[in-house]
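S.K.: One file: data16.txt (compact mmCIF, C-alpha atoms and all ligand atoms).
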```
# COMPACT_ATOMS: atom_id res chain seq x y z
CA MET A 7 -5.88 -18.26 6.26
CA HIS A 8 -6.97 -15.40 4.04
CA LYS A 9 -5.51 -12.09 5.15
CA SER A 10 -7.74 -9.06 5.58
CA GLU A 11 -7.05 -6.03 3.39
CA LYS A 12 -5.66 -4.25 6.45
CA GLU A 13 -3.07 -6.99 7.08
CA GLU A 14 -2.28 -7.26 3.40
CA TYR A 15 -1.66 -3.53 3.05
CA GLY A 16 0.28 -2.79 6.25
CA VAL A 17 2.71 0.14 6.32
CA ARG A 18 6.39 -0.51 6.96
CA LYS A 19 9.60 1.51 6.62
CA LEU A 20 11.39 1.66 3.26
CA GLU A 21 13.99 -1.07 2.77
CA ILE A 22 17.00 -0.99 0.47
CA SER A 23 15.53 -3.82 -1.64
CA ASP A 24 12.42 -1.71 -2.43
CA LYS A 25 14.10 -0.13 -5.44
CA GLY A 26 13.63 -3.50 -7.15
CA LYS A 27 9.96 -3.50 -6.17
CA GLY A 28 9.02 -0.38 -8.11
CA PHE A 29 9.57 2.30 -5.47
CA ILE A 30 11.11 4.75 -7.96
CA ASP A 31 8.43 3.97 -10.57
CA LEU A 32 5.83 4.93 -7.98
CA LEU A 33 7.53 8.28 -7.32
CA HIS A 34 7.29 8.98 -11.06
CA GLN A 35 3.53 9.26 -10.55
CA LEU A 36 4.10 12.21 -8.22
CA SER A 37 6.69 14.36 -9.93
CA VAL A 38 9.85 14.44 -11.99
CA CYS A 39 12.01 11.54 -10.86
CA ASP A 40 14.72 10.80 -13.39
CA SER A 41 16.21 7.34 -13.47
CA VAL A 42 18.09 6.65 -10.25
CA SER A 43 21.02 4.22 -10.47
CA ASP A 44 21.41 1.47 -7.87
CA LYS A 45 24.46 3.28 -6.47
CA GLU A 46 22.62 6.60 -6.23
CA PHE A 47 19.71 4.87 -4.52
CA GLU A 48 21.93 3.08 -2.01
CA ASP A 49 23.91 6.26 -1.21
CA ARG A 50 20.75 8.28 -0.63
CA PHE A 51 19.14 5.44 1.34
CA ARG A 52 22.15 5.32 3.69
CA ASP A 53 22.23 9.14 4.10
CA LEU A 54 18.58 9.11 5.11
CA ALA A 55 18.87 6.00 7.29
CA ALA A 56 21.65 7.78 9.22
CA LEU A 57 19.03 10.34 10.31
CA GLY A 58 17.25 7.58 12.22
CA ASP A 59 13.82 8.64 13.54
CA ASP A 60 14.34 12.16 12.15
CA HIS A 61 13.53 10.95 8.65
CA VAL A 62 11.16 8.09 7.94
CA ILE A 63 9.82 6.83 4.62
CA GLY A 64 6.74 4.62 4.90
CA VAL A 65 5.72 2.18 2.16
CA ILE A 66 2.94 -0.30 1.49
CA GLU A 67 3.89 -3.42 -0.44
CA ASP A 68 1.19 -5.29 -2.31
CA GLU A 69 1.93 -8.80 -1.12
CA ALA A 70 0.33 -10.43 -4.14
CA SER A 71 2.48 -8.62 -6.71
CA GLY A 72 5.48 -7.76 -4.51
CA ARG A 73 5.26 -4.14 -5.74
CA ILE A 74 5.40 -0.97 -3.67
CA VAL A 75 1.99 0.67 -4.16
CA ALA A 76 2.02 3.57 -1.68
CA THR A 77 4.58 5.76 0.01
CA GLY A 78 5.13 8.97 1.94
CA SER A 79 7.86 10.50 4.10
CA VAL A 80 8.17 12.59 7.24
CA PHE A 81 11.10 14.76 8.25
CA ILE A 82 11.46 15.91 11.87
CA GLU A 83 12.64 19.51 12.18
CA LYS A 84 14.25 20.56 15.47
CA LYS A 85 13.54 24.16 16.50
CA PHE A 86 14.47 26.65 19.23
CA LEU A 87 10.87 27.87 19.29
CA ARG A 88 8.28 26.21 21.50
CA ASN A 89 10.85 25.19 24.13
CA CYS A 90 13.10 23.60 21.57
CA GLY A 91 10.10 21.92 19.98
CA LYS A 92 9.91 19.65 16.96
CA VAL A 93 7.78 19.83 13.81
CA GLY A 94 7.04 16.98 11.41
CA HIS A 95 7.03 17.75 7.67
CA ILE A 96 5.16 15.27 5.49
CA GLU A 97 6.35 14.96 1.90
CA ASP A 98 6.04 12.82 -1.22
CA VAL A 99 2.74 11.02 -0.54
CA VAL A 100 1.65 8.93 -3.51
CA VAL A 101 -0.54 5.87 -4.11
CA ASP A 102 -0.28 3.80 -7.29
CA SER A 103 -3.06 4.83 -9.68
CA SER A 104 -4.34 1.21 -9.85
CA VAL A 105 -5.15 1.07 -6.11
CA ARG A 106 -6.34 4.59 -5.28
CA GLY A 107 -9.55 4.93 -3.30
CA LYS A 108 -8.81 1.94 -1.02
CA GLN A 109 -7.72 4.00 2.02
CA LEU A 110 -4.04 3.35 1.37
CA GLY A 111 -3.21 7.06 1.17
CA LYS A 112 -4.92 7.60 4.51
CA ARG A 113 -3.02 4.68 6.02
CA ILE A 114 0.31 6.12 4.87
CA VAL A 115 -0.51 9.60 6.20
CA ASN A 116 -1.66 8.14 9.56
CA PHE A 117 1.61 6.20 9.84
CA LEU A 118 3.60 9.40 9.23
CA THR A 119 1.55 11.57 11.61
CA GLU A 120 1.75 8.91 14.34
CA HIS A 121 5.51 8.80 13.90
CA ALA A 122 5.69 12.61 14.30
CA ARG A 123 3.51 12.40 17.41
CA SER A 124 5.53 9.53 18.89
CA VAL A 125 8.84 11.43 18.64
CA GLY A 126 7.31 14.45 20.42
CA CYS A 127 6.39 16.88 17.61
CA TYR A 128 3.89 19.56 18.62
CA LYS A 129 2.51 19.68 15.04
CA VAL A 130 2.84 18.09 11.64
CA ILE A 131 2.48 20.09 8.43
CA LEU A 132 2.49 19.58 4.65
CA ASP A 133 1.87 21.36 1.37
CA CYS A 134 -0.66 20.11 -1.15
CA SER A 135 -2.54 21.09 -4.28
CA VAL A 136 -6.11 22.42 -4.06
CA GLU A 137 -7.29 19.10 -5.58
CA ASN A 138 -5.89 17.15 -2.62
CA LYS A 139 -7.21 19.41 0.13
CA ALA A 140 -10.26 17.22 0.78
CA PHE A 141 -8.06 14.11 1.04
CA TYR A 142 -5.89 15.67 3.75
CA GLU A 143 -8.96 16.95 5.57
CA LYS A 144 -10.15 13.33 5.70
CA CYS A 145 -6.76 12.54 7.24
CA GLY A 146 -7.41 15.13 10.00
CA PHE A 147 -5.55 18.18 8.64
CA GLN A 148 -6.87 21.74 8.49
CA GLU A 149 -5.97 24.46 5.98
CA LYS A 150 -3.48 26.95 7.45
CA SER A 151 -1.37 29.71 5.88
CA VAL A 152 -0.11 30.00 2.31
CA GLN A 153 2.70 28.07 0.72
CA MET A 154 5.57 30.11 -0.77
CA ALA A 155 8.17 28.52 -3.03
CA MET A 156 11.30 29.43 -4.98
CA TYR A 157 12.52 26.81 -7.42
CA PHE A 158 16.19 26.56 -8.41
CA ALA A 159 15.71 23.85 -11.04
C1 LIG B 201 -3.92 11.92 -3.09
C2 LIG B 201 -3.70 10.40 -2.96
C3 LIG B 201 -2.42 10.15 -2.19
C4 LIG B 201 -4.91 9.79 -2.20
O1 LIG B 201 -4.67 8.41 -2.01
P1 LIG B 201 -5.86 7.32 -1.97
O2 LIG B 201 -5.29 6.04 -1.46
O3 LIG B 201 -6.55 7.28 -3.27
O4 LIG B 201 -6.84 7.99 -0.89
P2 LIG B 201 -7.69 7.21 0.22
O5 LIG B 201 -8.38 6.06 -0.43
O6 LIG B 201 -6.85 6.91 1.41
O7 LIG B 201 -8.74 8.34 0.58
C5 LIG B 201 -9.09 8.68 1.92
C6 LIG B 201 -10.34 9.55 1.87
O8 LIG B 201 -10.06 10.75 1.12
C7 LIG B 201 -10.95 10.85 0.00
N1 LIG B 201 -10.17 11.39 -1.12
C8 LIG B 201 -9.04 10.88 -1.67
N2 LIG B 201 -8.61 11.67 -2.67
C9 LIG B 201 -9.48 12.69 -2.74
C10 LIG B 201 -9.57 13.85 -3.58
N3 LIG B 201 -8.65 14.12 -4.51
N4 LIG B 201 -10.63 14.72 -3.39
C11 LIG B 201 -11.56 14.45 -2.44
N5 LIG B 201 -11.51 13.38 -1.59
C12 LIG B 201 -10.50 12.51 -1.77
C13 LIG B 201 -11.43 9.44 -0.26
O9 LIG B 201 -12.69 9.46 -0.91
C14 LIG B 201 -11.51 8.87 1.14
O10 LIG B 201 -12.70 9.30 1.77
P3 LIG B 201 -13.46 8.34 2.86
O11 LIG B 201 -12.46 8.07 3.97
O12 LIG B 201 -14.62 9.14 3.28
O13 LIG B 201 -13.79 7.08 2.11
C15 LIG B 201 -3.66 9.71 -4.36
O14 LIG B 201 -4.81 10.08 -5.09
C16 LIG B 201 -2.43 10.07 -5.17
O15 LIG B 201 -1.40 9.42 -5.05
N6 LIG B 201 -2.53 11.11 -6.04
C17 LIG B 201 -1.41 11.49 -6.91
C18 LIG B 201 -0.22 12.04 -6.17
C19 LIG B 201 -0.56 13.20 -5.26
O16 LIG B 201 -1.24 14.14 -5.66
N7 LIG B 201 -0.05 13.14 -4.01
C20 LIG B 201 -0.27 14.15 -2.99
C21 LIG B 201 0.87 15.08 -2.94
S1 LIG B 201 0.50 16.45 -1.88
```
Produce structure tokens that represent the structure in this file.

M.R.:
Amino acid sequence: MHKSEKEEYGVRKLEISDKGKGFIDLLHQLSVCDSVSDKEFEDRFRDLAALGDDHVIGVIEDEASGRIVATGSVFIEKKFLRNCGKVGHIEDVVVDSSVRGKQLGKRIVNFLTEHARSVGCYKVILDCSVENKAFYEKCGFQEKSVQMAMYFA
């Protein structure tokens, strides 16, 4: 039976074997991502996996090519404010340039926001460039505040 696009492009959590499916190559399309050795990848994967539901990386694998074509992560921050509330922070959302415009970015962001909601966050936030504002508005976000940054490298 032929699978619908929705079934074919389902979101799942990152797996350790995804390094071999182009996960790091995909991150290169977002920002500086020097070559990561297998050992470095495995160590970081285990560190993050140990955080359980407090850190989730979603991916979409193109079943036809076996390549990772979309990803994004969410980190759950635990606060004292808001009755010891929790906030989700979305990071590192990227869709492979060959499959942009097919709702995959939206699917990744929905997966991450639903995760934040399901673990009890009262809000989910992210930073983005002016060029991507309209995309996140389509995903249900509203502009709020100003981002401040200090880079060390
Ligand atoms: C931004 C990005 C993740 C969007 O992914 P995508 O899969 O192409 O987006 P989608 O197909 O899910 O788009 C969802 C909706 O947003 C719209 N949209 C997407 N990018 C947009 C943009 N830059 N400006 C305006 N609207 C945009 C789409 O037209 C679509 O609208 P519709 O639902 O009315 O049809 C992708 O372009 C990308 O990876 N860019 C490079 C990396 C990057 O900038 N990441 C964001 C870091 S903050």

S.K.: With a distance cut-off of 8 Å and only C-alpha atoms, select the neighbouring residues of range 63-69 of chain A, excluding the residue or stretch itself and same-chain residues fewer than 4 positions from it, and output the selection as number ranges by chain.

M.R.: A: 14-20, 73-80, 110, 114, 117-118

S.K.: Kindly save the residues from that selection, with C-alpha atoms included, as a PDB file, in the coordinates of the input.

M.R.:
```pdb
ATOM      1  CA  GLU A  14      -2.280  -7.260   3.400  1.00  0.00           C
ATOM      2  CA  TYR A  15      -1.660  -3.530   3.050  1.00  0.00           C
ATOM      3  CA  GLY A  16       0.280  -2.790   6.250  1.00  0.00           C
ATOM      4  CA  VAL A  17       2.710   0.140   6.320  1.00  0.00           C
ATOM      5  CA  ARG A  18       6.390  -0.510   6.960  1.00  0.00           C
ATOM      6  CA  LYS A  19       9.600   1.510   6.620  1.00  0.00           C
ATOM      7  CA  LEU A  20      11.390   1.660   3.260  1.00  0.00           C
ATOM      8  CA  ARG A  73       5.260  -4.140  -5.740  1.00  0.00           C
ATOM      9  CA  ILE A  74       5.400  -0.970  -3.670  1.00  0.00           C
ATOM     10  CA  VAL A  75       1.990   0.670  -4.160  1.00  0.00           C
ATOM     11  CA  ALA A  76       2.020   3.570  -1.680  1.00  0.00           C
ATOM     12  CA  THR A  77       4.580   5.760   0.010  1.00  0.00           C
ATOM     13  CA  GLY A  78       5.130   8.970   1.940  1.00  0.00           C
ATOM     14  CA  SER A  79       7.860  10.500   4.100  1.00  0.00           C
ATOM     15  CA  VAL A  80       8.170  12.590   7.240  1.00  0.00           C
ATOM     16  CA  LEU A 110      -4.040   3.350   1.370  1.00  0.00           C
ATOM     17  CA  ILE A 114       0.310   6.120   4.870  1.00  0.00           C
ATOM     18  CA  PHE A 117       1.610   6.200   9.840  1.00  0.00           C
ATOM     19  CA  LEU A 118       3.600   9.400   9.230  1.00  0.00           C
TER      20      LEU A 118
END
```

S.K.: Hey, can you check how far CA of Lys45 in chain A sits from atom C18 of ligand LIG 201 (chain B)?

M.R.: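 Computed distance, CA of Lys45 in chain A to atom C18 of ligand LIG 201 (chain B), equals 26.2 Å.
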
S.K.: Restrict the calculation to all atoms listed in the file, then for each residue of chain A with any atom at most 12 Å from an atom of ligand LIG 201 (chain B) give the closest atom pair and their distance in Å to one decimal, rows by chain and rising residue number, as JSON lines.

M.R.:
```
{"residue": "A:Tyr15", "atom": "CA", "partner": "B:LIG201", "partner_atom": "O2", "distance": 11.2}
{"residue": "A:Leu32", "atom": "CA", "partner": "B:LIG201", "partner_atom": "O15", "distance": 9.0}
{"residue": "A:Leu33", "atom": "CA", "partner": "B:LIG201", "partner_atom": "C18", "distance": 8.7}
{"residue": "A:His34", "atom": "CA", "partner": "B:LIG201", "partner_atom": "C18", "distance": 9.5}
{"residue": "A:Gln35", "atom": "CA", "partner": "B:LIG201", "partner_atom": "C18", "distance": 6.4}
{"residue": "A:Leu36", "atom": "CA", "partner": "B:LIG201", "partner_atom": "C18", "distance": 4.8}
{"residue": "A:Ser37", "atom": "CA", "partner": "B:LIG201", "partner_atom": "C18", "distance": 8.2}
{"residue": "A:Val38", "atom": "CA", "partner": "B:LIG201", "partner_atom": "C18", "distance": 11.9}
{"residue": "A:Ile66", "atom": "CA", "partner": "B:LIG201", "partner_atom": "O2", "distance": 10.8}
{"residue": "A:Val75", "atom": "CA", "partner": "B:LIG201", "partner_atom": "O15", "distance": 9.4}
{"residue": "A:Ala76", "atom": "CA", "partner": "B:LIG201", "partner_atom": "O15", "distance": 7.6}
{"residue": "A:Thr77", "atom": "CA", "partner": "B:LIG201", "partner_atom": "C3", "distance": 8.6}
{"residue": "A:Gly78", "atom": "CA", "partner": "B:LIG201", "partner_atom": "C3", "distance": 8.7}
{"residue": "A:Ser79", "atom": "CA", "partner": "B:LIG201", "partner_atom": "C21", "distance": 10.9}
{"residue": "A:His95", "atom": "CA", "partner": "B:LIG201", "partner_atom": "S1", "distance": 11.6}
{"residue": "A:Ile96", "atom": "CA", "partner": "B:LIG201", "partner_atom": "S1", "distance": 8.8}
{"residue": "A:Glu97", "atom": "CA", "partner": "B:LIG201", "partner_atom": "S1", "distance": 7.1}
{"residue": "A:Asp98", "atom": "CA", "partner": "B:LIG201", "partner_atom": "C21", "distance": 5.9}
{"residue": "A:Val99", "atom": "CA", "partner": "B:LIG201", "partner_atom": "N7", "distance": 4.9}
{"residue": "A:Val100", "atom": "CA", "partner": "B:LIG201", "partner_atom": "O15", "distance": 3.5}
{"residue": "A:Val101", "atom": "CA", "partner": "B:LIG201", "partner_atom": "O15", "distance": 3.8}
{"residue": "A:Asp102", "atom": "CA", "partner": "B:LIG201", "partner_atom": "O15", "distance": 6.2}
{"residue": "A:Ser103", "atom": "CA", "partner": "B:LIG201", "partner_atom": "O15", "distance": 6.7}
{"residue": "A:Ser104", "atom": "CA", "partner": "B:LIG201", "partner_atom": "O3", "distance": 9.2}
{"residue": "A:Val105", "atom": "CA", "partner": "B:LIG201", "partner_atom": "O2", "distance": 6.8}
{"residue": "A:Arg106", "atom": "CA", "partner": "B:LIG201", "partner_atom": "O3", "distance": 3.4}
{"residue": "A:Gly107", "atom": "CA", "partner": "B:LIG201", "partner_atom": "O5", "distance": 3.3}
{"residue": "A:Lys108", "atom": "CA", "partner": "B:LIG201", "partner_atom": "O5", "distance": 4.2}
{"residue": "A:Gln109", "atom": "CA", "partner": "B:LIG201", "partner_atom": "O6", "distance": 3.1}
{"residue": "A:Leu110", "atom": "CA", "partner": "B:LIG201", "partner_atom": "O2", "distance": 4.1}
{"residue": "A:Gly111", "atom": "CA", "partner": "B:LIG201", "partner_atom": "O2", "distance": 3.5}
{"residue": "A:Lys112", "atom": "CA", "partner": "B:LIG201", "partner_atom": "O6", "distance": 3.7}
{"residue": "A:Arg113", "atom": "CA", "partner": "B:LIG201", "partner_atom": "O6", "distance": 6.4}
{"residue": "A:Ile114", "atom": "CA", "partner": "B:LIG201", "partner_atom": "O6", "distance": 8.0}
{"residue": "A:Val115", "atom": "CA", "partner": "B:LIG201", "partner_atom": "O6", "distance": 8.4}
{"residue": "A:Asn116", "atom": "CA", "partner": "B:LIG201", "partner_atom": "O6", "distance": 9.7}
{"residue": "A:Phe117", "atom": "CA", "partner": "B:LIG201", "partner_atom": "O6", "distance": 12.0}
{"residue": "A:Ile131", "atom": "CA", "partner": "B:LIG201", "partner_atom": "S1", "distance": 11.1}
{"residue": "A:Leu132", "atom": "CA", "partner": "B:LIG201", "partner_atom": "S1", "distance": 7.5}
{"residue": "A:Asp133", "atom": "CA", "partner": "B:LIG201", "partner_atom": "S1", "distance": 6.0}
{"residue": "A:Cys134", "atom": "CA", "partner": "B:LIG201", "partner_atom": "S1", "distance": 3.9}
{"residue": "A:Ser135", "atom": "CA", "partner": "B:LIG201", "partner_atom": "S1", "distance": 6.0}
{"residue": "A:Val136", "atom": "CA", "partner": "B:LIG201", "partner_atom": "N3", "distance": 8.7}
{"residue": "A:Glu137", "atom": "CA", "partner": "B:LIG201", "partner_atom": "N3", "distance": 5.3}
{"residue": "A:Asn138", "atom": "CA", "partner": "B:LIG201", "partner_atom": "N3", "distance": 4.5}
{"residue": "A:Lys139", "atom": "CA", "partner": "B:LIG201", "partner_atom": "N4", "distance": 6.8}
{"residue": "A:Ala140", "atom": "CA", "partner": "B:LIG201", "partner_atom": "C11", "distance": 4.4}
{"residue": "A:Phe141", "atom": "CA", "partner": "B:LIG201", "partner_atom": "O8", "distance": 3.9}
{"residue": "A:Tyr142", "atom": "CA", "partner": "B:LIG201", "partner_atom": "O8", "distance": 7.0}
{"residue": "A:Glu143", "atom": "CA", "partner": "B:LIG201", "partner_atom": "O8", "distance": 7.7}
{"residue": "A:Lys144", "atom": "CA", "partner": "B:LIG201", "partner_atom": "O8", "distance": 5.3}
{"residue": "A:Cys145", "atom": "CA", "partner": "B:LIG201", "partner_atom": "C5", "distance": 7.0}
{"residue": "A:Gly146", "atom": "CA", "partner": "B:LIG201", "partner_atom": "O8", "distance": 10.2}
{"residue": "A:Phe147", "atom": "CA", "partner": "B:LIG201", "partner_atom": "O8", "distance": 11.5}
```

S.K.: May I have the residues within 8 Å of Asp59 in chain A as a VMD selection string, using all atoms listed in the file and disregarding those fewer than 2 positions away in the same chain?

M.R.: chain A and resid 57 61 to 62 82 125

S.K.: Find the distance between CA of Phe29 in chain A and CA of Gly72 in chain A and write it in Å to one decimal.

M.R.: 10.9 Å

S.K.: Write out as a VMD selection string each polymer residue whose atoms come within 12 Å of Lys84 in chain A, counting all atoms listed in the file; drop sequence neighbours fewer than 6 positions from it.

M.R.: chain A and resid 60 to 61 90 to 95 122 125 to 129

S.K.: Provide the CA of His121 in chain A to CA of Ala56 in chain A distance in Å, to one decimal place.

M.R.: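 Separation of CA of His121 in chain A and CA of Ala56 in chain A: 16.8 Å.
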